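J.: Here you go, this is final-v6.tsv (TSV, C-alpha atoms).
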chain	number	residue	atom	x	y	z
X	159	MET	CA	-48.42	-8.08	-7.01
X	160	THR	CA	-46.06	-7.18	-9.78
X	161	ILE	CA	-45.43	-3.56	-10.53
X	162	ARG	CA	-45.07	-2.91	-14.23
X	163	HIS	CA	-44.85	0.87	-14.41
X	164	HIS	CA	-41.79	2.23	-12.66
X	165	LEU	CA	-40.06	5.52	-11.88
X	166	SER	CA	-38.27	7.24	-14.75
X	167	ASP	CA	-34.50	7.70	-14.45
X	168	ASP	CA	-34.80	11.46	-14.27
X	169	LEU	CA	-37.19	11.30	-11.28
X	170	LEU	CA	-34.92	8.82	-9.54
X	171	VAL	CA	-31.80	10.91	-10.14
X	172	SER	CA	-33.47	14.11	-8.88
X	173	TYR	CA	-34.85	12.32	-5.84
X	174	ALA	CA	-31.45	10.76	-5.08
X	175	ALA	CA	-29.73	14.10	-5.56
X	176	GLY	CA	-32.21	15.82	-3.25
X	177	SER	CA	-33.33	18.37	-5.82
X	178	LEU	CA	-36.87	17.08	-6.44
X	179	ALA	CA	-39.67	19.24	-5.02
X	180	GLU	CA	-41.78	17.87	-2.18
X	181	GLY	CA	-44.91	17.07	-4.21
X	182	TRP	CA	-43.10	14.94	-6.79
X	183	SER	CA	-40.99	13.42	-4.03
X	184	LEU	CA	-44.14	12.29	-2.20
X	185	ALA	CA	-45.24	10.25	-5.22
X	186	VAL	CA	-41.70	8.92	-5.73
X	187	ALA	CA	-41.23	7.91	-2.07
X	188	THR	CA	-44.67	6.26	-1.90
X	189	HIS	CA	-43.90	4.26	-5.05
X	190	LEU	CA	-40.55	3.29	-3.52
X	191	ALA	CA	-42.36	1.92	-0.44
X	192	LEU	CA	-44.18	-0.50	-2.75
X	193	CYS	CA	-41.43	-1.27	-5.27
X	194	PRO	CA	-38.24	-3.16	-4.25
X	195	ALA	CA	-36.93	-2.91	-7.83
X	196	CYS	CA	-36.98	0.90	-7.81
X	197	ARG	CA	-35.43	0.96	-4.33
X	198	GLN	CA	-32.51	-0.93	-5.80
X	199	ARG	CA	-32.26	1.63	-8.60
X	200	LEU	CA	-32.40	4.41	-5.98
X	201	ALA	CA	-29.50	2.81	-4.10
X	202	PHE	CA	-27.60	2.79	-7.37
X	203	ALA	CA	-28.37	6.47	-8.03
X	204	GLU	CA	-27.27	7.36	-4.50
X	205	GLY	CA	-24.11	5.38	-5.22
X	206	ILE	CA	-23.43	7.81	-8.06
X	207	GLY	CA	-23.80	10.63	-5.51
X	208	GLY	CA	-21.25	8.88	-3.29
X	209	GLU	CA	-18.86	8.43	-6.21
X	210	LEU	CA	-19.16	12.10	-7.16
X	211	LEU	CA	-18.50	13.06	-3.56
X	212	GLU	CA	-15.37	10.92	-3.51
X	213	SER	CA	-14.10	12.23	-6.82
X	214	SER	CA	-14.62	15.89	-5.96
X	215	ASP	CA	-11.65	18.15	-5.42
X	216	ALA	CA	-10.17	17.44	-2.01
X	217	ALA	CA	-7.28	19.89	-2.17
X	218	ALA	CA	-8.71	22.38	0.27
X	219	PRO	CA	-6.71	23.86	3.14
X	220	GLY	CA	-7.94	24.21	6.69
X	221	THR	CA	-8.65	20.60	7.53
X	222	ASP	CA	-6.45	20.66	10.65
X	223	ALA	CA	-8.45	23.49	12.18
X	224	SER	CA	-11.74	21.83	11.25
X	225	TRP	CA	-10.62	18.56	12.79
X	226	GLU	CA	-9.68	20.28	16.05
X	227	ALA	CA	-13.11	21.95	16.14
X	228	VAL	CA	-15.00	18.73	15.47
X	229	ARG	CA	-12.85	16.71	17.86
X	230	ARG	CA	-13.70	19.21	20.61
X	231	ARG	CA	-17.38	19.15	19.72
X	232	ILE	CA	-17.70	15.37	19.87
X	233	ALA	CA	-15.64	15.22	23.08
X	234	LYS	CA	-17.96	17.73	24.76
X	235	SER	CA	-21.15	16.02	23.65
X	236	SER	CA	-22.34	13.22	25.90
X	237	PRO	CA	-21.67	9.82	24.45
X	238	THR	CA	-24.61	8.96	22.25
X	239	PRO	CA	-26.45	5.82	23.21
X	240	PRO	CA	-26.30	3.19	20.51
X	241	SER	CA	-29.02	3.72	17.98
X	242	ALA	CA	-32.14	1.92	19.07
X	243	ALA	CA	-32.53	-1.39	17.34
X	244	PRO	CA	-35.12	-0.83	14.64
X	245	ALA	CA	-38.55	-1.69	15.96
X	246	ALA	CA	-39.79	-5.00	14.67
X	247	PRO	CA	-41.99	-4.12	11.73
X	248	ALA	CA	-45.67	-4.19	12.62
X	249	ALA	CA	-47.58	-7.00	11.00
X	250	ARG	CA	-47.52	-6.50	7.26
X	251	ARG	CA	-50.74	-5.04	6.07
X	252	ALA	CA	-51.28	-5.19	2.36
X	253	GLY	CA	-53.56	-2.64	0.79
X	254	GLY	CA	-53.33	0.24	3.24
X	255	LEU	CA	-51.86	3.63	2.42
X	256	PRO	CA	-48.06	3.38	2.65
X	257	GLU	CA	-45.77	5.89	4.32
X	258	PRO	CA	-44.88	8.64	3.69
X	259	LEU	CA	-48.32	9.25	2.14
X	260	ARG	CA	-50.32	8.08	5.18
X	261	SER	CA	-48.71	10.69	7.43
X	262	TYR	CA	-49.51	13.44	4.93
X	263	LEU	CA	-53.18	12.46	5.16
X	264	GLY	CA	-53.07	11.80	8.90
X	265	ARG	CA	-55.20	8.67	8.55
X	266	ASP	CA	-55.56	5.47	6.60
X	267	VAL	CA	-57.75	4.76	3.64
X	268	GLU	CA	-60.92	3.74	5.51
X	269	THR	CA	-61.39	7.04	7.34
X	270	LEU	CA	-60.47	9.60	4.69
X	271	ARG	CA	-62.69	12.66	4.30
X	272	TRP	CA	-63.41	12.96	0.61
X	273	ARG	CA	-64.65	16.07	-1.21
X	274	SER	CA	-66.92	15.46	-4.13
X	275	LEU	CA	-65.75	16.40	-7.61
X	276	GLY	CA	-69.09	15.48	-9.17
X	277	ARG	CA	-70.06	12.36	-11.13
X	278	GLY	CA	-69.15	10.17	-8.20
X	279	ALA	CA	-65.47	11.12	-8.22
X	280	SER	CA	-63.90	12.73	-5.17
X	281	GLN	CA	-60.61	14.16	-4.05
X	282	ILE	CA	-58.53	15.25	-1.09
X	283	ARG	CA	-55.98	18.00	-1.55
X	284	ILE	CA	-52.63	17.38	0.09
X	285	PRO	CA	-50.71	20.52	1.03
X	286	THR	CA	-46.96	20.65	0.56
X	287	ALA	CA	-44.41	23.40	1.16
X	288	ASP	CA	-43.17	23.58	-2.41
X	289	ASN	CA	-44.77	26.10	-4.78
X	290	GLU	CA	-44.21	23.94	-7.79
X	291	THR	CA	-46.76	21.14	-7.49
X	292	GLN	CA	-50.38	20.39	-6.72
X	293	VAL	CA	-50.96	17.13	-4.91
X	294	ARG	CA	-54.26	15.33	-4.45
X	295	LEU	CA	-55.68	11.95	-3.71
X	296	LEU	CA	-58.35	10.99	-6.26
X	297	ARG	CA	-61.07	8.39	-5.99
X	298	ILE	CA	-62.58	7.36	-9.30
X	299	PRO	CA	-65.74	5.26	-9.29
X	300	ALA	CA	-65.34	1.78	-10.77
X	301	GLY	CA	-65.75	1.81	-14.53
X	302	LYS	CA	-65.74	5.61	-14.81
X	303	PRO	CA	-63.23	7.89	-16.56
X	304	VAL	CA	-60.92	10.14	-14.55
X	305	PRO	CA	-62.54	13.59	-14.48
X	306	GLU	CA	-61.04	16.25	-16.71
X	307	HIS	CA	-58.10	17.71	-14.85
X	308	GLY	CA	-56.12	19.63	-17.40
X	309	HIS	CA	-52.40	19.69	-16.81
X	310	GLY	CA	-50.16	21.91	-18.83
X	311	GLY	CA	-47.07	20.10	-17.65
X	312	ARG	CA	-46.12	16.87	-16.01
X	313	GLU	CA	-48.51	14.60	-14.18
X	314	LEU	CA	-47.57	11.66	-11.97
X	315	THR	CA	-50.35	9.24	-11.06
X	316	LEU	CA	-49.66	6.51	-8.52
X	317	VAL	CA	-52.30	3.83	-8.01
X	318	LEU	CA	-53.02	2.85	-4.39
X	319	SER	CA	-56.07	0.67	-4.80
X	320	GLY	CA	-58.19	-0.57	-7.65
X	321	SER	CA	-56.75	0.02	-11.09
X	322	PHE	CA	-57.22	2.10	-14.21
X	323	ALA	CA	-56.66	1.51	-17.88
X	324	ASP	CA	-55.08	4.11	-20.13
X	325	GLY	CA	-55.21	2.95	-23.72
X	326	ASN	CA	-53.71	-0.53	-23.68
X	327	ASP	CA	-51.86	-0.02	-20.40
X	328	LEU	CA	-53.25	-1.23	-17.10
X	329	PHE	CA	-52.15	0.52	-13.90
X	330	ALA	CA	-52.66	-1.28	-10.58
X	331	ARG	CA	-51.43	-0.76	-7.00
X	332	GLY	CA	-47.89	0.59	-7.02
X	333	ASP	CA	-47.85	1.42	-10.73
X	334	ILE	CA	-46.95	5.00	-11.58
X	335	GLU	CA	-47.93	6.80	-14.76
X	336	ASP	CA	-45.65	9.64	-15.81
X	337	ALA	CA	-47.46	11.83	-18.35
X	338	ASP	CA	-46.21	15.04	-19.89
X	339	ALA	CA	-48.21	17.79	-21.57
X	340	SER	CA	-47.88	16.17	-25.00
X	341	LEU	CA	-49.74	13.04	-23.95
X	342	THR	CA	-53.48	13.10	-24.44
X	343	HIS	CA	-54.82	10.35	-22.31
X	344	GLN	CA	-58.11	9.18	-20.93
X	345	PRO	CA	-57.63	6.93	-17.94
X	346	VAL	CA	-60.69	4.85	-17.02
X	347	ALA	CA	-61.11	3.06	-13.69
X	348	THR	CA	-61.40	-0.70	-14.05
X	349	PRO	CA	-64.91	-2.01	-13.33
X	350	GLY	CA	-65.42	-3.83	-10.04
X	351	GLU	CA	-63.55	-1.54	-7.65
X	352	ASP	CA	-63.10	2.19	-7.14
X	353	CYS	CA	-59.63	3.39	-8.04
X	354	ILE	CA	-57.74	5.49	-5.50
X	355	CYS	CA	-54.63	7.22	-6.77
X	356	LEU	CA	-52.21	9.95	-5.83
X	357	ALA	CA	-51.99	12.60	-8.54
X	358	VAL	CA	-49.21	15.20	-8.66
X	359	THR	CA	-49.23	17.94	-11.28
X	360	ASP	CA	-47.31	21.09	-12.00
X	361	ALA	CA	-48.88	23.99	-10.17
X	362	PRO	CA	-50.16	26.67	-12.58
X	363	LEU	CA	-47.53	29.05	-11.21
X	364	ARG	CA	-44.85	26.86	-12.58
X	365	PHE	CA	-45.52	28.01	-16.11
X	366	ARG	CA	-44.71	31.56	-15.26
X	367	SER	CA	-41.59	30.56	-13.45
X	368	TRP	CA	-40.68	28.29	-16.34
X	369	ILE	CA	-40.82	31.25	-18.72
X	370	LEU	CA	-38.81	33.24	-16.24
X	371	ARG	CA	-36.27	30.44	-16.14
X	372	ALA	CA	-36.21	30.27	-19.92
X	373	ILE	CA	-35.28	33.94	-20.24
X	374	GLN	CA	-32.86	33.87	-17.33
X	375	PRO	CA	-29.80	33.57	-19.60
X	376	LEU	CA	-30.96	36.63	-21.57
X	377	LEU	CA	-31.39	38.67	-18.43
X	378	GLY	CA	-28.14	37.38	-17.09
X	379	ILE	CA	-29.63	36.49	-13.70
Q	37	MET	CA	-12.18	19.48	-11.28
Q	38	ARG	CA	-9.92	16.57	-10.56
Q	39	ARG	CA	-10.72	12.92	-10.63
Q	40	THR	CA	-9.35	10.76	-7.87
Q	41	THR	CA	-6.47	8.94	-9.41
Q	42	GLU	CA	-6.17	5.20	-9.03
Q	43	ASN	CA	-2.76	5.32	-7.39
Q	44	GLU	CA	-3.81	7.78	-4.69
Q	45	ALA	CA	-3.68	5.86	-1.43
Q	46	LYS	CA	-7.29	5.51	-0.49
Q	47	PRO	CA	-8.17	4.32	3.00
Q	48	ASP	CA	-10.64	1.46	3.45
Q	49	LEU	CA	-13.55	3.77	4.17
Q	50	ALA	CA	-16.14	1.09	4.96
Q	51	ALA	CA	-13.85	-0.62	7.50
Q	52	LEU	CA	-13.09	2.73	9.17
Q	53	LEU	CA	-16.76	3.60	9.41
Q	54	VAL	CA	-17.54	0.19	10.92
Q	55	ALA	CA	-14.75	0.75	13.48
Q	56	VAL	CA	-16.33	4.07	14.44
Q	57	GLY	CA	-19.76	2.45	14.72
Q	58	GLU	CA	-18.63	-0.54	16.75
Q	59	ARG	CA	-15.88	0.91	18.95
Q	60	ARG	CA	-16.15	4.72	18.79
Q	61	ASP	CA	-12.68	4.53	17.28
Q	62	LEU	CA	-11.46	8.14	17.25
Q	63	GLU	CA	-8.38	7.39	15.16
Q	64	ALA	CA	-10.50	5.75	12.48
Q	65	PHE	CA	-12.82	8.74	12.62
Q	66	GLU	CA	-9.92	11.15	12.10
Q	67	VAL	CA	-8.86	9.31	8.95
Q	68	LEU	CA	-12.45	9.45	7.68
Q	69	PHE	CA	-12.66	13.09	8.64
Q	70	ARG	CA	-9.50	14.06	6.79
Q	71	TYR	CA	-10.74	12.21	3.73
Q	72	PHE	CA	-14.31	13.49	3.66
Q	73	ALA	CA	-14.21	16.95	5.27
Q	74	PRO	CA	-12.90	18.83	2.20
Q	75	ARG	CA	-15.22	16.88	-0.08
Q	76	VAL	CA	-18.31	17.49	2.03
Q	77	ARG	CA	-17.34	21.16	2.40
Q	78	ALA	CA	-17.14	21.45	-1.40
Q	79	PHE	CA	-20.54	19.76	-1.67
Q	80	MET	CA	-22.05	22.26	0.78
Q	81	ALA	CA	-20.30	25.29	-0.72
Q	82	ARG	CA	-22.27	25.12	-3.96
Q	83	GLN	CA	-25.39	26.06	-2.04
Q	84	ALA	CA	-24.05	27.97	0.91
Q	85	GLY	CA	-22.40	30.70	-1.12
Q	86	ASP	CA	-20.17	31.59	1.83
Q	87	SER	CA	-17.46	29.41	3.21
Q	88	HIS	CA	-18.57	29.90	6.82
Q	89	SER	CA	-21.91	28.09	6.35
Q	90	ALA	CA	-20.25	25.44	4.20
Q	91	GLU	CA	-17.78	24.79	7.02
Q	92	GLU	CA	-20.56	24.63	9.61
Q	93	LEU	CA	-22.67	22.24	7.51
Q	94	MET	CA	-19.62	20.06	6.87
Q	95	GLN	CA	-18.95	19.87	10.62
Q	96	GLU	CA	-22.60	19.00	11.29
Q	97	THR	CA	-22.42	16.28	8.67
Q	98	MET	CA	-19.26	14.76	10.14
Q	99	ILE	CA	-20.67	14.92	13.69
Q	100	ALA	CA	-23.78	13.10	12.40
Q	101	VAL	CA	-21.43	10.52	10.84
Q	102	TRP	CA	-19.78	10.06	14.24
Q	103	ASN	CA	-23.10	9.77	16.06
Q	104	LYS	CA	-24.88	7.49	13.60
Q	105	ALA	CA	-21.98	5.31	12.46
Q	106	ASP	CA	-23.47	2.24	14.14
Q	107	ARG	CA	-26.33	2.40	11.65
Q	108	PHE	CA	-23.99	2.11	8.67
Q	109	ASP	CA	-24.36	-1.31	7.08
Q	110	PRO	CA	-21.55	-2.19	4.65
Q	111	ALA	CA	-23.86	-4.80	3.10
Q	112	LYS	CA	-26.11	-2.01	1.88
Q	113	GLY	CA	-23.59	0.17	0.10
Q	114	ALA	CA	-20.39	2.18	0.12
Q	115	ALA	CA	-19.33	4.47	2.98
Q	116	SER	CA	-19.23	7.43	0.58
Q	117	THR	CA	-22.85	6.74	-0.44
Q	118	TRP	CA	-23.97	6.68	3.18
Q	119	ILE	CA	-22.14	9.92	3.94
Q	120	PHE	CA	-23.50	11.48	0.75
Q	121	THR	CA	-27.09	10.80	1.90
Q	122	ILE	CA	-26.41	12.39	5.32
Q	123	ALA	CA	-24.87	15.47	3.69
Q	124	ARG	CA	-27.70	15.68	1.17
Q	125	ASN	CA	-30.37	15.59	3.90
Q	126	LEU	CA	-28.62	18.24	5.99
Q	127	ARG	CA	-28.29	20.41	2.93
Q	128	ILE	CA	-32.01	20.11	2.21
Q	129	ASP	CA	-32.84	21.03	5.83
Q	130	ALA	CA	-30.56	24.06	5.61
Q	131	PHE	CA	-31.56	25.45	2.24
Q	132	ARG	CA	-35.02	24.26	1.33
Q	133	ARG	CA	-38.42	25.27	2.62
Q	134	ASP	CA	-40.08	22.04	1.53
Q	135	LYS	CA	-39.37	18.52	2.67
Q	136	ARG	CA	-38.03	15.41	1.03
Q	137	PRO	CA	-40.47	12.67	2.13
Q	138	GLU	CA	-39.01	9.18	2.56
Q	139	PHE	CA	-40.42	5.67	2.77
Q	140	ASP	CA	-40.36	3.83	6.10
Q	141	PRO	CA	-39.18	0.19	6.04
Q	142	ASN	CA	-41.05	-0.49	9.32
Q	143	ASP	CA	-44.37	0.65	7.89
Q	144	PRO	CA	-46.90	-2.24	7.74
Q	145	ALA	CA	-47.78	-1.35	4.15
Q	146	PHE	CA	-44.10	-1.38	3.06
Q	147	VAL	CA	-43.33	-4.10	0.51
Q	148	PRO	CA	-40.00	-5.69	1.53
Q	149	ASP	CA	-37.34	-6.96	-0.86
Q	150	ASP	CA	-38.24	-10.38	-2.22
Q	151	VAL	CA	-34.83	-11.94	-1.61
Q	152	ALA	CA	-31.87	-11.24	0.62
Q	153	PRO	CA	-28.86	-12.45	-1.36
Q	154	ALA	CA	-26.45	-14.52	0.70
Q	155	ASP	CA	-23.39	-12.63	-0.49
Q	156	GLU	CA	-25.01	-9.21	-0.23
Q	157	MET	CA	-21.94	-7.78	1.51
Q	158	PHE	CA	-19.59	-8.83	-1.22
Q	159	GLU	CA	-22.06	-7.55	-3.76
Q	160	ALA	CA	-22.46	-4.05	-2.31
Q	161	GLN	CA	-18.72	-3.45	-2.09
Q	162	GLU	CA	-18.17	-5.00	-5.52
Q	163	VAL	CA	-20.84	-2.76	-7.05
Q	164	SER	CA	-19.13	0.30	-5.62
Q	165	VAL	CA	-15.78	-0.71	-7.14
Q	166	GLN	CA	-17.46	-1.35	-10.50
Q	167	LEU	CA	-19.37	1.92	-10.32
Q	168	HIS	CA	-16.09	3.72	-9.70
Q	169	GLN	CA	-14.57	2.09	-12.79
Q	170	ALA	CA	-17.67	2.74	-14.89
Q	171	MET	CA	-17.65	6.45	-13.93
Q	172	ALA	CA	-14.09	6.71	-15.22
Q	173	THR	CA	-15.26	5.55	-18.67
Q	174	LEU	CA	-18.07	8.10	-18.97
Q	175	PRO	CA	-17.45	11.08	-21.25
Q	176	GLU	CA	-16.43	14.14	-19.21
Q	177	GLU	CA	-19.54	15.98	-20.42
Q	178	GLN	CA	-21.82	13.37	-18.85
Q	179	VAL	CA	-19.89	13.35	-15.58
Q	180	ALA	CA	-20.18	17.15	-15.54
Q	181	LEU	CA	-23.94	16.90	-16.02
Q	182	LEU	CA	-24.26	14.33	-13.21
Q	183	ARG	CA	-22.17	16.61	-11.04
Q	184	LEU	CA	-24.53	19.52	-11.75
Q	185	ALA	CA	-27.52	17.32	-10.90
Q	186	PHE	CA	-26.04	15.97	-7.65
Q	187	PHE	CA	-23.85	18.78	-6.40
Q	188	GLU	CA	-25.63	21.96	-7.34
Q	189	ASP	CA	-29.04	20.93	-6.02
Q	190	ASN	CA	-30.49	22.12	-9.29
Q	191	SER	CA	-33.76	20.96	-10.70
Q	192	HIS	CA	-33.36	19.62	-14.21
Q	193	SER	CA	-35.15	22.66	-15.60
Q	194	ALA	CA	-32.71	24.95	-13.77
Q	195	ILE	CA	-29.80	23.00	-15.26
Q	196	ALA	CA	-31.39	23.37	-18.70
Q	197	ALA	CA	-31.69	27.14	-18.26
Q	198	ARG	CA	-28.14	27.38	-17.02
Q	199	LEU	CA	-26.65	25.35	-19.86
Q	200	ASN	CA	-29.00	26.98	-22.36
Q	201	MET	CA	-30.24	23.55	-23.36
Q	202	PRO	CA	-33.78	22.28	-23.83
Q	203	LEU	CA	-35.09	20.45	-20.75
Q	204	GLY	CA	-35.65	17.34	-22.87
Q	205	THR	CA	-31.95	17.29	-23.79
Q	206	VAL	CA	-30.86	17.53	-20.14
Q	207	LYS	CA	-33.18	14.67	-19.24
Q	208	SER	CA	-32.13	12.47	-22.13
Q	209	ARG	CA	-28.40	13.03	-21.42
Q	210	LEU	CA	-28.87	12.22	-17.75
Q	211	ARG	CA	-30.85	9.14	-18.73
Q	212	LEU	CA	-28.04	8.14	-21.08
Q	213	ALA	CA	-25.38	8.55	-18.40
Q	214	PHE	CA	-27.47	6.61	-15.90
Q	215	SER	CA	-28.19	3.73	-18.28
Q	216	LYS	CA	-24.53	3.55	-19.41
Q	217	LEU	CA	-23.47	3.13	-15.79
Q	218	ARG	CA	-26.11	0.50	-15.17
Q	219	ALA	CA	-25.20	-1.33	-18.36
Q	220	ALA	CA	-21.51	-1.37	-17.36
Q	221	LEU	CA	-22.45	-3.00	-14.07
Q	222	ASP	CA	-24.88	-5.47	-15.61
Q	223	ARG	CA	-22.20	-6.64	-18.04
Q	224	LYS	CA	-19.79	-7.23	-15.18
Q	225	GLY	CA	-22.51	-9.00	-13.24
Q	226	GLU	CA	-23.08	-11.45	-16.08
Q	227	THR	CA	-19.44	-12.39	-16.44
Q	228	SER	CA	-18.89	-13.01	-12.74
Show how you would write the structure in this file as structure tokens.
T.:
Amino acid sequence: MTIRHHLSDDLLVSYAAGSLAEGWSLAVATHLALCPACRQRLAFAEGIGGELLESSDAAAPGTDASWEAVRRRIAKSSPTPPSAAPAAPAARRAGGLPEPLRSYLGRDVETLRWRSLGRGASQIRIPTADNETQVRLLRIPAGKPVPEHGHGGRELTLVLSGSFADGNDLFARGDIEDADASLTHQPVATPGEDCICLAVTDAPLRFRSWILRAIQPLLGI
Amino acid sequence: MRRTTENEAKPDLAALLVAVGERRDLEAFEVLFRYFAPRVRAFMARQAGDSHSAEELMQETMIAVWNKADRFDPAKGAASTWIFTIARNLRIDAFRRDKRPEFDPNDPAFVPDDVAPADEMFEAQEVSVQLHQAMATLPEEQVALLRLAFFEDNSHSAIAARLNMPLGTVKSRLRLAFSKLRAALDRKGETS
């Protein structure tokens, strides 16, 4: 399996920085579980975070007092047992839902409870605590187009099984499509196998908050 | 804002962190603490707004460093990167309602790295030295943008609003900074 469609730099940087909302982060982290190349890029982006931390202004007073406080706190705490050796990975199982997605659904792909969207397509909504995204798992029947799901903003689509074609591009397991509002696209599931993908879009609310953000400098807030 | 100067005596952070992990070396930990505490406090202060919470979050971060030091693997990256990720996660827990989901390397569906390079250790430390040099060659404006993205916990659209810049411009400048850094490292990689 070779992944051909990877995470954009701006998603990686926001995820590394810890500023990416939960819904987008779920798609990013699930792609990372399947893509060693992007994990290497993530490590690089986190390295930038480490560099920025090192190069930040260190001329702050009060370190002596802080050190005394922390020294007392670690002396009082019972010695921590060495971190448990990481459990031997369970037998590799290709094709299942990877973490962290599987935990969000509470089950693996065979026992999901789908809700019909009509025309053979179905979905499962995945709740998150951010108010910025809508997250769902979509199942598109083999050979059929993805149902109309208008998105005014960004849309991330991560393929988990089967594949879909969008124009001349083919997206298979692990591939992520990053579409913005300007892209008109008509993904079609490849014949032969249903396509299951994770779709993350801007929540409708976001538009209002975007306008609010746009006028923030004028309001001076 | 001050860049760390090359002639500032910088302790061997990775070796100190390994000493803490292997031997609970309190002296090594104090050196690490004196180096990182003000930096982590500054990182926390951007969000905390008051110095009391920034101090508390810094202390929690450093106590986590003490407790988890045996999990630090110098073959995987720099000490500052490892400490950055701990501070970042504590900051998210403290200030955000939503979570930051992460992959699990022990998950059966996880796709492991194809190759484990023999000189991984050398490589990770070398990359961090090269990254440090590459950062010094970036235009100040791009470093400032990276700093906003990493330190202020701002979404890119919030940075755009704050700088009065279109979102597309923020993204393309971040992309530029990121690819310049990667290119600087790739060039070094080819010549070695």
J.: One decimal, in Å: what's the spacing between CA of Leu52 in chain Q and CA of Val67 in chain Q?
T.: 7.8 Å
J.: Select from chain Q every residue with an atom at most 6 Å from any atom of chain X, then for each give the shortest pair of atoms and their distance in Å to one decimal, using only C-alpha atoms, rows by chain and rising number, as a tab-separated table.
T.:
residue	atom	partner	partner_atom	distance
Q:Arg38	CA	X:Asp215	CA	5.6
Q:Arg39	CA	X:Ser213	CA	5.1
Q:Thr40	CA	X:Ser213	CA	5.1
Q:Pro74	CA	X:Ala216	CA	5.2
Q:Arg75	CA	X:Ala216	CA	5.4
Q:Ser116	CA	X:Gly208	CA	4.6
Q:Thr117	CA	X:Gly208	CA	3.9
Q:Phe120	CA	X:Gly208	CA	5.3
Q:Asp134	CA	X:Ala287	CA	4.6
Q:Lys135	CA	X:Glu180	CA	5.5
Q:Arg136	CA	X:Glu180	CA	5.5
Q:Pro137	CA	X:Leu184	CA	5.7
Q:Glu138	CA	X:Ala187	CA	5.3
Q:Phe139	CA	X:Ala191	CA	5.3
Q:Asn142	CA	X:Pro247	CA	4.5
Q:Pro144	CA	X:Arg250	CA	4.3
Q:Ala145	CA	X:Pro256	CA	5.0
Q:Phe146	CA	X:Ala191	CA	5.1
Q:Val147	CA	X:Leu192	CA	4.9
Q:Asp149	CA	X:Pro194	CA	5.2
Q:Phe186	CA	X:Ala175	CA	4.6
Q:Asp189	CA	X:Ser177	CA	5.0
Q:Asn190	CA	X:Ser177	CA	5.8
Q:Ser191	CA	X:Ser177	CA	5.5
Q:Ala197	CA	X:Ala372	CA	5.7
Q:Arg211	CA	X:Asp167	CA	5.8
J.: When you draw a straight line from CA of Thr121 in chain Q to CA of Asp86 in chain Q, how long is it in Å?
T.: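 One can read the CA of Thr121 in chain Q to CA of Asp86 in chain Q distance as 21.9 Å.
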J.: For Leu49 in chain Q, list every protein, DNA or RNA residue within 7 Å, evaluated using all atoms listed in the file, and leave out those in the same chain fewer than 4 positions away; present the list as a count of residues only.
T.: 3
J.: Report the distance between CA of Glu92 in chain Q and CA of Glu290 in chain X in Å, rounded to one decimal place.
T.: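 Computing the Euclidean distance for CA of Glu92 in chain Q and CA of Glu290 in chain X yields 29.4 Å.
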J.: Using only C-alpha atoms, which residues sit within 7 Å of range 202-209 of chain Q once same-chain residues fewer than 3 positions away are excluded, as JSON, numbers by chain?
T.: {"X": [168], "Q": [192, 193, 196, 212, 213]}
